[in-house]
Structure formats: C-alpha cells, structure tokens
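Student: Dropping in input_7.cif, which is mmCIF, C-alpha atoms:
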data_work
#
loop_
_atom_site.group_PDB
_atom_site.id
_atom_site.type_symbol
_atom_site.label_atom_id
_atom_site.label_comp_id
_atom_site.auth_asym_id
_atom_site.auth_seq_id
_atom_site.Cartn_x
_atom_site.Cartn_y
_atom_site.Cartn_z
ATOM 1 C CA PRO A 1 68.802 23.862 208.961
ATOM 2 C CA ALA A 2 70.637 22.294 206.041
ATOM 3 C CA ARG A 3 70.151 21.708 202.326
ATOM 4 C CA THR A 4 70.066 17.946 202.832
ATOM 5 C CA SER A 5 68.743 15.765 205.642
ATOM 6 C CA GLY A 6 70.119 12.839 207.581
ATOM 7 C CA THR A 7 73.188 12.065 209.661
ATOM 8 C CA GLY A 8 76.213 14.020 208.528
ATOM 9 C CA ALA A 9 74.287 16.731 206.676
ATOM 10 C CA THR A 10 76.286 19.956 206.476
ATOM 11 C CA PRO A 11 74.501 22.720 208.425
ATOM 12 C CA LEU A 12 73.918 26.101 206.867
ATOM 13 C CA ARG A 13 75.671 28.905 208.752
ATOM 14 C CA PRO A 14 74.123 32.319 208.147
ATOM 15 C CA ALA A 15 75.788 35.487 209.351
ATOM 16 C CA GLY A 16 74.991 35.814 213.043
ATOM 17 C CA GLY A 17 73.663 32.260 213.337
ATOM 18 C CA TRP A 18 70.200 30.720 213.642
ATOM 19 C CA PRO A 19 67.939 31.093 216.689
ATOM 20 C CA LEU A 20 68.213 28.114 219.077
ATOM 21 C CA ILE A 21 65.194 26.214 220.424
ATOM 22 C CA VAL A 22 65.793 23.646 223.184
ATOM 23 C CA PHE A 23 63.011 21.084 223.642
ATOM 24 C CA SER A 24 62.361 19.006 226.791
ATOM 25 C CA GLN A 25 60.300 15.829 226.333
ATOM 26 C CA GLY A 26 57.651 14.253 228.532
ATOM 27 C CA TYR A 27 58.347 11.530 231.079
ATOM 28 C CA ALA A 28 59.239 8.144 229.564
ATOM 29 C CA ILE A 29 58.898 9.524 226.022
ATOM 30 C CA SER A 30 61.824 9.593 223.626
ATOM 31 C CA PRO A 31 62.707 12.968 222.080
ATOM 32 C CA ALA A 32 62.464 11.198 218.702
ATOM 33 C CA ALA A 33 58.710 10.770 219.279
ATOM 34 C CA TYR A 34 58.323 14.510 218.615
ATOM 35 C CA SER A 35 60.314 14.531 215.378
ATOM 36 C CA LEU A 36 57.568 16.005 213.173
ATOM 37 C CA LEU A 37 57.027 18.946 215.514
ATOM 38 C CA LEU A 38 60.749 19.631 215.919
ATOM 39 C CA GLU A 39 61.412 19.358 212.196
ATOM 40 C CA SER A 40 58.601 21.824 211.466
ATOM 41 C CA TRP A 41 60.662 24.465 213.298
ATOM 42 C CA THR A 42 63.984 23.427 211.793
ATOM 43 C CA ARG A 43 62.628 23.797 208.259
ATOM 44 C CA GLU A 44 61.832 27.440 208.996
ATOM 45 C CA GLY A 45 65.324 28.411 210.139
ATOM 46 C CA TYR A 46 65.842 27.297 213.740
ATOM 47 C CA VAL A 47 68.436 25.042 215.302
ATOM 48 C CA VAL A 48 66.475 22.622 217.502
ATOM 49 C CA ALA A 49 68.066 20.596 220.299
ATOM 50 C CA ALA A 50 66.235 17.819 222.172
ATOM 51 C CA PRO A 51 68.371 16.452 225.036
ATOM 52 C CA SER A 52 67.705 13.015 226.514
ATOM 53 C CA TYR A 53 67.441 13.507 230.259
ATOM 54 C CA PRO A 54 68.886 10.784 232.508
ATOM 55 C CA PHE A 55 66.316 8.657 234.368
ATOM 56 C CA THR A 56 63.327 9.888 232.369
ATOM 57 C CA THR A 57 64.198 8.842 228.808
ATOM 58 C CA PRO A 58 63.223 5.271 227.838
ATOM 59 C CA GLY A 59 66.164 3.070 226.961
ATOM 60 C CA ALA A 60 68.672 5.250 228.812
ATOM 61 C CA GLY A 61 68.542 3.258 232.066
ATOM 62 C CA PRO A 62 66.114 2.945 234.998
ATOM 63 C CA LEU A 63 63.261 5.463 235.004
ATOM 64 C CA ASP A 64 62.619 7.763 237.971
ATOM 65 C CA GLU A 65 60.157 10.618 237.462
ATOM 66 C CA ALA A 66 61.307 12.277 240.699
ATOM 67 C CA ASP A 67 64.576 13.084 238.929
ATOM 68 C CA ILE A 68 62.742 15.959 237.213
ATOM 69 C CA VAL A 69 64.004 18.272 239.988
ATOM 70 C CA HIS A 70 67.482 18.016 238.436
ATOM 71 C CA HIS A 71 66.350 18.772 234.901
ATOM 72 C CA PRO A 72 66.438 22.584 235.006
ATOM 73 C CA ALA A 73 70.153 22.491 235.896
ATOM 74 C CA GLU A 74 70.757 19.935 233.146
ATOM 75 C CA LEU A 75 68.797 22.109 230.722
ATOM 76 C CA ALA A 76 70.904 25.118 231.699
ATOM 77 C CA ALA A 77 74.061 23.113 230.987
ATOM 78 C CA VAL A 78 72.753 22.167 227.541
ATOM 79 C CA VAL A 79 71.838 25.767 226.705
ATOM 80 C CA ALA A 80 75.267 26.978 227.844
ATOM 81 C CA ALA A 81 77.100 24.315 225.862
ATOM 82 C CA LEU A 82 75.169 24.914 222.649
ATOM 83 C CA SER A 83 75.282 28.705 222.784
ATOM 84 C CA HIS A 84 78.944 28.997 223.789
ATOM 85 C CA PRO A 85 80.948 30.797 221.072
ATOM 86 C CA GLY A 86 83.556 28.038 221.139
ATOM 87 C CA GLY A 87 81.093 25.150 221.351
ATOM 88 C CA VAL A 88 80.040 22.433 218.955
ATOM 89 C CA LEU A 89 77.525 24.735 217.242
ATOM 90 C CA ALA A 90 79.856 27.725 216.950
ATOM 91 C CA GLY A 91 78.921 29.751 213.887
ATOM 92 C CA THR A 92 75.536 28.052 213.653
ATOM 93 C CA VAL A 93 73.682 29.385 216.714
ATOM 94 C CA ASP A 94 72.856 32.944 217.684
ATOM 95 C CA ALA A 95 73.378 32.894 221.469
ATOM 96 C CA GLY A 96 71.233 36.008 221.815
ATOM 97 C CA ARG A 97 68.131 34.238 220.482
ATOM 98 C CA VAL A 98 67.363 31.205 222.667
ATOM 99 C CA GLY A 99 63.874 29.767 223.182
ATOM 100 C CA LEU A 100 62.745 26.985 225.514
ATOM 101 C CA VAL A 101 59.852 24.584 224.963
ATOM 102 C CA GLY A 102 58.682 21.382 226.605
ATOM 103 C CA HIS A 103 55.806 18.908 226.758
ATOM 104 C CA SER A 104 54.288 17.467 229.948
ATOM 105 C CA ASP A 105 57.139 17.039 232.475
ATOM 106 C CA GLY A 106 59.295 18.844 229.939
ATOM 107 C CA GLY A 107 56.814 21.703 230.073
ATOM 108 C CA ASP A 108 57.161 21.721 233.857
ATOM 109 C CA VAL A 109 60.933 21.993 233.446
ATOM 110 C CA THR A 110 60.648 24.751 230.844
ATOM 111 C CA ASP A 111 58.325 26.763 233.073
ATOM 112 C CA ALA A 112 60.655 26.356 236.044
ATOM 113 C CA ALA A 113 63.613 27.477 233.926
ATOM 114 C CA VAL A 114 61.774 30.681 233.028
ATOM 115 C CA ASN A 115 59.506 31.466 235.983
ATOM 116 C CA ASN A 116 60.825 29.787 239.157
ATOM 117 C CA THR A 117 63.442 31.421 241.371
ATOM 118 C CA CYS A 118 65.114 28.035 241.842
ATOM 119 C CA CYS A 119 66.007 27.486 238.264
ATOM 120 C CA ARG A 120 65.795 30.566 236.069
ATOM 121 C CA ILE A 121 68.065 30.483 232.999
ATOM 122 C CA ASP A 122 69.299 33.920 231.995
ATOM 123 C CA GLY A 123 69.001 35.111 228.429
ATOM 124 C CA VAL A 124 65.929 33.128 227.350
ATOM 125 C CA ARG A 125 63.984 35.178 224.803
ATOM 126 C CA ALA A 126 60.712 33.199 224.581
ATOM 127 C CA ALA A 127 59.096 30.044 225.983
ATOM 128 C CA VAL A 128 56.379 27.565 225.006
ATOM 129 C CA ILE A 129 54.655 25.251 227.513
ATOM 130 C CA LEU A 130 52.866 22.257 225.959
ATOM 131 C CA SER A 131 50.465 20.706 228.508
ATOM 132 C CA GLY A 132 52.767 21.535 231.418
ATOM 133 C CA ALA A 133 52.293 22.488 235.060
ATOM 134 C CA GLU A 134 53.847 24.273 238.011
ATOM 135 C CA LEU A 135 55.190 21.841 240.626
ATOM 136 C CA THR A 136 55.806 22.156 244.351
ATOM 137 C CA SER A 137 58.701 19.709 243.929
ATOM 138 C CA PHE A 138 60.864 22.528 242.562
ATOM 139 C CA PRO A 139 62.409 24.269 245.586
ATOM 140 C CA GLY A 140 61.905 27.940 244.651
ATOM 141 C CA THR A 141 58.861 30.127 244.193
ATOM 142 C CA TYR A 142 57.082 30.969 240.968
ATOM 143 C CA GLU A 143 57.697 34.608 240.081
ATOM 144 C CA PRO A 144 56.963 34.921 236.345
ATOM 145 C CA ASP A 145 59.419 36.882 234.238
ATOM 146 C CA ALA A 146 57.452 39.514 232.326
ATOM 147 C CA ALA A 147 60.365 39.959 229.927
ATOM 148 C CA VAL A 148 59.951 36.444 228.470
ATOM 149 C CA PRO A 149 56.927 36.086 226.146
ATOM 150 C CA LEU A 150 54.990 32.907 226.890
ATOM 151 C CA LEU A 151 52.778 30.600 224.835
ATOM 152 C CA VAL A 152 50.774 28.022 226.800
ATOM 153 C CA VAL A 153 49.164 25.187 224.801
ATOM 154 C CA GLN A 154 46.581 23.071 226.608
ATOM 155 C CA GLY A 155 44.110 20.346 225.658
ATOM 156 C CA ASP A 156 40.796 20.893 227.450
ATOM 157 C CA GLU A 157 40.299 17.120 227.857
ATOM 158 C CA ASP A 158 43.802 16.477 229.205
ATOM 159 C CA PRO A 159 43.581 13.823 231.978
ATOM 160 C CA ILE A 160 47.235 14.114 233.067
ATOM 161 C CA ASN A 161 47.853 17.852 233.329
ATOM 162 C CA PRO A 162 44.241 19.097 233.255
ATOM 163 C CA PRO A 163 43.265 22.568 231.997
ATOM 164 C CA GLY A 164 43.748 24.167 235.398
ATOM 165 C CA CYS A 165 47.490 23.532 235.069
ATOM 166 C CA GLY A 166 47.978 25.468 231.859
ATOM 167 C CA GLN A 167 45.553 28.162 232.953
ATOM 168 C CA GLN A 168 47.480 28.689 236.194
ATOM 169 C CA ILE A 169 50.740 29.207 234.277
ATOM 170 C CA TYR A 170 49.116 31.563 231.779
ATOM 171 C CA ASP A 171 47.250 33.692 234.297
ATOM 172 C CA ALA A 172 50.382 34.239 236.394
ATOM 173 C CA GLN A 173 52.295 35.744 233.467
ATOM 174 C CA THR A 174 52.433 39.548 233.399
ATOM 175 C CA GLY A 175 54.179 40.089 230.063
ATOM 176 C CA ALA A 176 53.232 39.039 226.529
ATOM 177 C CA ARG A 177 51.192 35.848 226.812
ATOM 178 C CA TYR A 178 49.070 33.539 224.673
ATOM 179 C CA TYR A 179 46.814 30.640 225.650
ATOM 180 C CA LEU A 180 45.999 28.110 222.929
ATOM 181 C CA ASP A 181 43.024 25.967 223.978
ATOM 182 C CA LEU A 182 42.846 22.739 221.968
ATOM 183 C CA LEU A 183 39.187 21.778 222.047
ATOM 184 C CA GLY A 184 38.632 18.138 222.939
ATOM 185 C CA ALA A 185 42.349 17.314 222.966
ATOM 186 C CA GLY A 186 44.076 15.067 225.474
ATOM 187 C CA HIS A 187 47.669 15.034 226.659
ATOM 188 C CA HIS A 188 49.598 13.489 223.765
ATOM 189 C CA SER A 189 47.701 13.760 220.457
ATOM 190 C CA PRO A 190 48.655 17.347 219.573
ATOM 191 C CA TYR A 191 52.404 16.782 219.883
ATOM 192 C CA LEU A 192 53.638 13.228 219.258
ATOM 193 C CA ASP A 193 54.350 11.533 215.932
ATOM 194 C CA PRO A 194 51.524 9.246 214.709
ATOM 195 C CA ALA A 195 53.520 6.051 215.254
ATOM 196 C CA ASP A 196 54.026 6.887 218.921
ATOM 197 C CA LEU A 197 50.436 7.736 219.846
ATOM 198 C CA ALA A 198 48.988 4.220 220.004
ATOM 199 C CA ALA A 199 50.729 3.611 223.346
ATOM 200 C CA PHE A 200 48.666 6.317 225.053
ATOM 201 C CA ARG A 201 45.021 5.664 225.882
ATOM 202 C CA ASP A 202 44.023 9.315 225.952
ATOM 203 C CA SER A 203 45.061 9.865 222.333
ATOM 204 C CA ASP A 204 42.497 10.949 219.762
ATOM 205 C CA LEU A 205 44.009 9.346 216.691
ATOM 206 C CA ALA A 206 41.365 10.695 214.314
ATOM 207 C CA ARG A 207 41.829 14.363 215.248
ATOM 208 C CA ALA A 208 45.548 14.178 216.026
ATOM 209 C CA PRO A 209 46.727 15.398 212.568
ATOM 210 C CA ALA A 210 44.476 18.460 212.803
ATOM 211 C CA TYR A 211 45.710 19.273 216.308
ATOM 212 C CA ARG A 212 49.312 18.932 215.172
ATOM 213 C CA ARG A 213 48.735 21.288 212.254
ATOM 214 C CA VAL A 214 47.421 23.966 214.626
ATOM 215 C CA VAL A 215 50.273 23.455 217.097
ATOM 216 C CA ASP A 216 52.842 23.593 214.286
ATOM 217 C CA ALA A 217 51.357 26.814 212.900
ATOM 218 C CA VAL A 218 50.847 28.651 216.198
ATOM 219 C CA THR A 219 54.209 27.730 217.725
ATOM 220 C CA LEU A 220 56.004 28.743 214.530
ATOM 221 C CA ALA A 221 54.179 32.082 214.387
ATOM 222 C CA PHE A 222 55.116 32.636 218.050
ATOM 223 C CA TRP A 223 58.796 31.820 217.414
ATOM 224 C CA GLN A 224 58.822 34.070 214.360
ATOM 225 C CA ARG A 225 57.472 37.010 216.352
ATOM 226 C CA TYR A 226 59.521 36.688 219.517
ATOM 227 C CA LEU A 227 62.622 34.671 218.631
ATOM 228 C CA ALA A 228 63.443 35.219 214.964
ATOM 229 C CA GLY A 229 63.232 38.986 215.176
ATOM 230 C CA SER A 230 60.976 39.075 212.144
ATOM 231 C CA THR A 231 58.192 41.498 211.317
ATOM 232 C CA HIS A 232 55.454 39.075 212.375
ATOM 233 C CA THR A 233 52.735 40.568 214.583
ATOM 234 C CA ALA A 234 50.385 39.227 217.211
ATOM 235 C CA ALA A 235 47.797 39.007 214.449
ATOM 236 C CA SER A 236 49.866 36.323 212.722
ATOM 237 C CA ILE A 237 49.672 34.163 215.860
ATOM 238 C CA GLU A 238 45.926 34.699 216.092
ATOM 239 C CA SER A 239 45.518 33.845 212.407
ATOM 240 C CA ALA A 240 47.448 30.583 212.838
ATOM 241 C CA ALA A 241 45.016 29.556 215.599
ATOM 242 C CA ALA A 242 41.884 30.343 213.577
ATOM 243 C CA ASP A 243 40.254 26.919 213.397
ATOM 244 C CA PRO A 244 36.747 27.040 214.959
ATOM 245 C CA GLY A 245 35.756 23.836 216.697
ATOM 246 C CA LEU A 246 39.375 22.767 217.028
ATOM 247 C CA ALA A 247 41.226 25.598 218.757
ATOM 248 C CA ALA A 248 40.702 28.924 220.490
ATOM 249 C CA LEU A 249 43.387 31.518 221.277
ATOM 250 C CA THR A 250 43.440 34.041 224.104
ATOM 251 C CA ALA A 251 46.047 36.807 223.939
ATOM 252 C CA GLY A 252 46.455 38.993 227.012
ATOM 253 C CA PRO A 253 43.332 38.741 229.196
ATOM 254 C CA ALA A 254 43.227 36.154 231.971
ATOM 255 C CA VAL A 255 41.313 32.932 231.398
ATOM 256 C CA PRO A 256 39.103 31.355 234.069
ATOM 257 C CA ILE A 257 40.903 28.593 235.964
ATOM 258 C CA VAL A 258 38.754 25.483 235.698
ATOM 259 C CA GLY A 259 39.590 22.912 238.365
ATOM 260 C CA ALA A 260 42.770 22.231 240.301
ATOM 261 C CA CYS A 261 46.211 21.242 239.065
ATOM 262 C CA PRO A 262 47.622 18.195 240.897
ATOM 263 C CA GLY A 263 51.024 18.852 242.446
ATOM 264 C CA ALA A 264 50.934 22.602 241.825
ATOM 265 C CA PRO A 265 51.415 25.292 244.474
ATOM 266 C CA THR A 266 48.253 27.058 245.608
#
What do you get writing this file as structure tokens?

Tutor:
Amino acid sequence: PARTSGTGATPLRPAGGWPLIVFSQGYAISPAAYSLLLESWTREGYVVAAPSYPFTTPGAGPLDEADIVHHPAELAAVVAALSHPGGVLAGTVDAGRVGLVGHSDGGDVTDAAVNNTCCRIDGVRAAVILSGAELTSFPGTYEPDAAVPLLVVQGDEDPINPPGCGQQIYDAQTGARYYLDLLGAGHHSPYLDPADLAAFRDSDLARAPAYRRVVDAVTLAFWQRYLAGSTHTAASIESAAADPGLAALTAGPAVPIVGACPGAPT
C-alpha cells in the first residue's frame, strides 16, 4: 500500500505493519498475469508478494513442471525473508499476519505449505486455494491444519484441476472452511488479467470479468475476516458470493466429491 503507484513509490508504514499475502502462480504463467487480482488486495491494506519460481516461470529459463516439489521450501524462504524484522520490508509487514494463496500449481504449493507434513510453514494465519489440488508428488501426507482457515475456489467446468480436486481439499479441512463454486468457469478465466486469457483455450472471455469480480470480493472478505483482524463476519463472505447463476458458496458442511482428481492421493 502506498499513496502513489509505480516503481519507487514510497510504501505506507502503519504502526504494527500491514498483513502479508504471498501468492504462488500457475505453471508457465507470469506473476504479472494476475496483477488485477493482486492489486485488489493491495488497495485494501495488504502487502502482496508474488515470487517467480525457478523452472516454472516463463522467461526465467527452461521450464520443468516437476520442479514444483521444491516450491514449498522456496515459498518458506520467501515468507521468512519478507517477515523478518530486519528484512527488506521491516516496518511494513506484520509478521504475525501472513496469508498464503496460489492458483493451479501455485494452489498445490499453497495447500502443501499449509496441510502437508512435508512442507508445513509455521505461523500462517489463513490460506486461499484457487483451482488447486493435492499431489502425490509431495513426499509427506496430507493432515489438514484446523487452525488455518481455508477458502477453496473452484470452477465447475475446470478441465485441468477438475471439481473433484478442490472438493477433496475442502472436505478434508476440519477448521473454518469455505468452498466457492464458480458456475461454468474453467481454469484461468476467474483469475488472470484480460490480456493474458487469450492464450488459454478453456477461458470464457465473456464471463471472465464477472468471475473476477466475485473472486476479488470473496477473497477480500475472507482476508478481512481471518487476516486483517477486522470485525468482518462469515456473513460478509457469504454476501460477497451472492451472485445466483455465477457463484455458490458453501461454509462448513462437506460438499459431494464429483469425479476424481488426477495426481491426487486416494
């Protein structure tokens, strides 16, 4: 957060610092392709970091999706560096209010960092999984942390991580949990900037702005309740998702798992 935008803008430093959100992008997608989503959080008082992972970020060298197994450790290093009291964001970040979020493979990494014994990052206050999945490629076991509130966002026409993936993550959670079902949405339309969607065949360009508005509103309401320490209630999250024909929110009860999730443990 700052009063002006652009490179070199002077950050605002409130007493105690801003909450920190660390975002992990999908495979072969630049973090910059999510700029509208990330900026929607920054405008509301969050420091947002979007690291470029080696071997999965376009333009950073050869791509290798199998390198995802190293990402939770790299994510942990980023969180530690940014929340350290003597680090580059000293005086800007509140190290006691850290949230993780990721899309696609980045959602897989975020889930592993919260719910897998291989990779759990201590001190995370809340997590958002955008069209992610559990993966057998991570070496530990999935034992969800009930202390970390979870928001799972899933398009019900997603051909890459189909609904069963998000439903599996949501149903395993035993603490505060929310499942945002984006009706008719694919894998990319609800999250990426308009200029970056044309490269993906599953994108619904016509409905993409509406999906993004819902995702912006629901994720922000979730962060406000569980990360900002505000007086927001669960009702504010439910209200943000109130868009019949476009989205449906489940809070608490399990959802039926429809179909399998490729690459996930059974």

Student: So, counting all atoms listed in the file, which residue among A:Ser83, A:Gln173, A:Ser52, A:Ser40 is closest to Gly96 of chain A?

Tutor: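 Smallest distance to Gly96 of chain A is found for A:Ser83.
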
Student: Applying 7 Å and only C-alpha atoms, which residues near segment 183-185 of chain A remain after dropping the ones on its own chain fewer than 2 positions away? List them as a list in words.

Tutor: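 Returned residues: Gly155, Asp156, Glu157, Asp158, Asp181, His187, Ser189, Gly245, Leu246 and Ala247 of chain A.
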
Student: Apply the PyMOL selection byres ((chain A and resi 242) around 12) to the structure shown and report the selected residues as a ChimeraX atom specification.

Tutor: /A:180-182,213-215,217-218,235-241,243-250

Student: Residues near Pro162 of chain A, anyone? I mean within 9 Å using all atoms listed in the file, not counting same-chain ones fewer than 6 positions away, as a list in words.

Tutor: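 Close residues of Pro162 of chain A: Ser131, Ala133, Gln154, Gly155, Asp156, Gly186, His187, Val258, Gly259, Ala260, Cys261 and Pro262 of chain A.
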
Student: Calculated over all atoms listed in the file, which of the candidates A:Gly140, A:Gly123, A:Gly175, A:Pro11 has the smallest distance to Gly252 of chain A?

Tutor: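 Of all the options, A:Gly175 lies closest to Gly252 of chain A.
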
Student: Tell me, in Å to one decimal, how far atom CA of Ala113 of chain A is from atom CA of Ala15 of chain A.

Tutor: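 Atom-to-atom, atom CA of Ala113 of chain A and atom CA of Ala15 of chain A are spaced 28.6 Å apart.
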
Student: Rank nothing, just name the residue among A:Arg125, A:His103, A:Arg225, A:Arg120 nearest to His188 of chain A, using all atoms listed in the file.

Tutor: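 Using all atoms listed in the file, His188 of chain A sits closest to A:His103.
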
Student: Looking at all atoms listed in the file, which of A:Val78, A:Val124, A:Ala28, A:Val47 is the one that sits closest to Pro149 of chain A?

Tutor: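 Among the listed residues, A:Val124 lies closest to Pro149 of chain A.
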
Student: Can you give me, as a compact mmCIF listing (two decimals) with C-alpha atoms, in the frame of the given file, the residues this file yields under the PyMOL selection byres ((chain A and resi 136) around 7)?

Tutor:
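Once written, selection_2.txt looks like this:
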# COMPACT_ATOMS: atom_id res chain seq x y z
CA GLU A 134 53.85 24.27 238.01
CA LEU A 135 55.19 21.84 240.63
CA SER A 137 58.70 19.71 243.93
CA PHE A 138 60.86 22.53 242.56
CA GLY A 263 51.02 18.85 242.45
CA ALA A 264 50.93 22.60 241.82
CA PRO A 265 51.42 25.29 244.47

Student: With all atoms listed in the file as the atoms that count, which of A:Leu197, A:Ala81, A:Ala32, A:Leu100 lies nearest to Ala127 of chain A?

Tutor: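 Among the listed residues, the smallest separation from Ala127 of chain A belongs to A:Leu100.
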
Student: Using only C-alpha atoms, which of A:Val88, A:Leu12, A:Val152, A:Ala195 sits nearest Pro209 of chain A?

Tutor: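 The closest residue to Pro209 of chain A is A:Ala195.
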
Student: Given the file shown, determine the residues that the PyMOL selection byres ((chain A and resi 118) around 6) selects; report them as a PyMOL selection string.

Tutor: chain A and resi 116-117+119+139-140

Student: Neighbours of Gly17 of chain A within 10 Å (all atoms listed in the file; same-chain residues fewer than 6 positions away dropped), as a PyMOL selection string?

Tutor: chain A and resi 45-47+89-97

Student: Need the shell around Asp196 of chain A: protein/DNA/RNA residues with any atom at most 12 Å away, counting all atoms listed in the file. Skip same-chain ones fewer than 6 positions apart. Format as a list in words?

Tutor: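 The filter keeps Ala28, Ile29, Ser30, Pro31, Ala32, Ala33, Tyr34, Ser35, Leu36, His188, Ser189, Pro190, Ser203, Leu205 and Ala208 of chain A.
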
Student: If you measure from atom CA of Gly164 of chain A to atom CA of Ile257 of chain A, what distance in Å do you get, rounded to one decimal?

Tutor: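 Those two atoms sit 5.3 Å apart.
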
Student: What is the atom CA of Pro256 of chain A-atom CA of Tyr179 of chain A distance in Å, reported with one decimal?

Tutor: 11.4 Å

Student: Which residues are near Thr174 of chain A? Cut-off 12 Å, only C-alpha atoms, ignore same chain within fewer than 5 positions. Put them as a ChimeraX atom specification.

Tutor: /A:115,143-150,169,251-254

Student: Build an axis-aligned box that encloses every atom of segment 206-221 of chain A listed in the file, pad it by 6 Å on each side, and report its centre and edge lengths in Å to one decimal, as JSON.

Tutor:
{"center_x": 48.7, "center_y": 21.4, "center_z": 215.0, "size_x": 26.6, "size_y": 33.4, "size_z": 17.5}

Student: Once N, CA, C and O atoms are restored for segment 200-218 of chain A, what would the output be as an mmCIF file, in the frame of the given file?

Tutor:
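Writing the result to rebuild-v7.cif gives the following:
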data_model
loop_
_atom_site.group_PDB
_atom_site.id
_atom_site.type_symbol
_atom_site.label_atom_id
_atom_site.label_comp_id
_atom_site.auth_asym_id
_atom_site.auth_seq_id
_atom_site.Cartn_x
_atom_site.Cartn_y
_atom_site.Cartn_z
ATOM 1 N N PHE A 200 49.295 5.457 224.050
ATOM 2 C CA PHE A 200 48.666 6.317 225.053
ATOM 3 C C PHE A 200 47.150 6.281 224.897
ATOM 4 O O PHE A 200 46.609 6.645 223.856
ATOM 5 N N ARG A 201 46.466 5.886 225.956
ATOM 6 C CA ARG A 201 45.021 5.664 225.882
ATOM 7 C C ARG A 201 44.226 6.947 225.682
ATOM 8 O O ARG A 201 43.109 6.913 225.189
ATOM 9 N N ASP A 202 44.783 8.077 226.073
ATOM 10 C CA ASP A 202 44.023 9.315 225.952
ATOM 11 C C ASP A 202 44.119 9.928 224.558
ATOM 12 O O ASP A 202 43.560 10.983 224.308
ATOM 13 N N SER A 203 44.815 9.273 223.632
ATOM 14 C CA SER A 203 45.061 9.865 222.333
ATOM 15 C C SER A 203 43.844 9.781 221.416
ATOM 16 O O SER A 203 43.191 8.742 221.317
ATOM 17 N N ASP A 204 43.552 10.875 220.767
ATOM 18 C CA ASP A 204 42.497 10.949 219.762
ATOM 19 C C ASP A 204 43.175 10.819 218.405
ATOM 20 O O ASP A 204 43.635 11.798 217.821
ATOM 21 N N LEU A 205 43.251 9.590 217.913
ATOM 22 C CA LEU A 205 44.009 9.346 216.691
ATOM 23 C C LEU A 205 43.369 10.016 215.480
ATOM 24 O O LEU A 205 44.070 10.449 214.564
ATOM 25 N N ALA A 206 42.054 10.134 215.472
ATOM 26 C CA ALA A 206 41.365 10.695 214.314
ATOM 27 C C ALA A 206 41.644 12.190 214.173
ATOM 28 O O ALA A 206 41.849 12.700 213.066
ATOM 29 N N ARG A 207 41.648 12.908 215.295
ATOM 30 C CA ARG A 207 41.829 14.363 215.248
ATOM 31 C C ARG A 207 43.276 14.794 215.458
ATOM 32 O O ARG A 207 43.603 15.984 215.329
ATOM 33 N N ALA A 208 44.156 13.843 215.742
ATOM 34 C CA ALA A 208 45.548 14.178 216.026
ATOM 35 C C ALA A 208 46.216 14.977 214.905
ATOM 36 O O ALA A 208 46.909 15.970 215.187
ATOM 37 N N PRO A 209 46.064 14.607 213.622
ATOM 38 C CA PRO A 209 46.727 15.398 212.568
ATOM 39 C C PRO A 209 46.267 16.844 212.539
ATOM 40 O O PRO A 209 47.077 17.751 212.311
ATOM 41 N N ALA A 210 44.985 17.083 212.795
ATOM 42 C CA ALA A 210 44.476 18.460 212.803
ATOM 43 C C ALA A 210 45.048 19.241 213.984
ATOM 44 O O ALA A 210 45.423 20.414 213.846
ATOM 45 N N TYR A 211 45.109 18.599 215.160
ATOM 46 C CA TYR A 211 45.710 19.273 216.308
ATOM 47 C C TYR A 211 47.172 19.625 216.026
ATOM 48 O O TYR A 211 47.629 20.729 216.345
ATOM 49 N N ARG A 212 47.898 18.684 215.435
ATOM 50 C CA ARG A 212 49.312 18.932 215.172
ATOM 51 C C ARG A 212 49.500 20.077 214.188
ATOM 52 O O ARG A 212 50.441 20.870 214.321
ATOM 53 N N ARG A 213 48.623 20.184 213.211
ATOM 54 C CA ARG A 213 48.735 21.288 212.254
ATOM 55 C C ARG A 213 48.575 22.637 212.964
ATOM 56 O O ARG A 213 49.311 23.591 212.686
ATOM 57 N N VAL A 214 47.622 22.719 213.887
ATOM 58 C CA VAL A 214 47.421 23.966 214.626
ATOM 59 C C VAL A 214 48.625 24.264 215.510
ATOM 60 O O VAL A 214 49.118 25.396 215.551
ATOM 61 N N VAL A 215 49.119 23.254 216.220
ATOM 62 C CA VAL A 215 50.273 23.455 217.097
ATOM 63 C C VAL A 215 51.491 23.871 216.280
ATOM 64 O O VAL A 215 52.224 24.798 216.663
ATOM 65 N N ASP A 216 51.724 23.212 215.155
ATOM 66 C CA ASP A 216 52.842 23.593 214.286
ATOM 67 C C ASP A 216 52.728 25.062 213.889
ATOM 68 O O ASP A 216 53.693 25.829 213.977
ATOM 69 N N ALA A 217 51.546 25.463 213.429
ATOM 70 C CA ALA A 217 51.357 26.814 212.900
ATOM 71 C C ALA A 217 51.476 27.877 213.984
ATOM 72 O O ALA A 217 52.126 28.921 213.782
ATOM 73 N N VAL A 218 50.854 27.635 215.142
ATOM 74 C CA VAL A 218 50.847 28.651 216.198
ATOM 75 C C VAL A 218 52.226 28.773 216.845
ATOM 76 O O VAL A 218 52.709 29.891 217.099
#
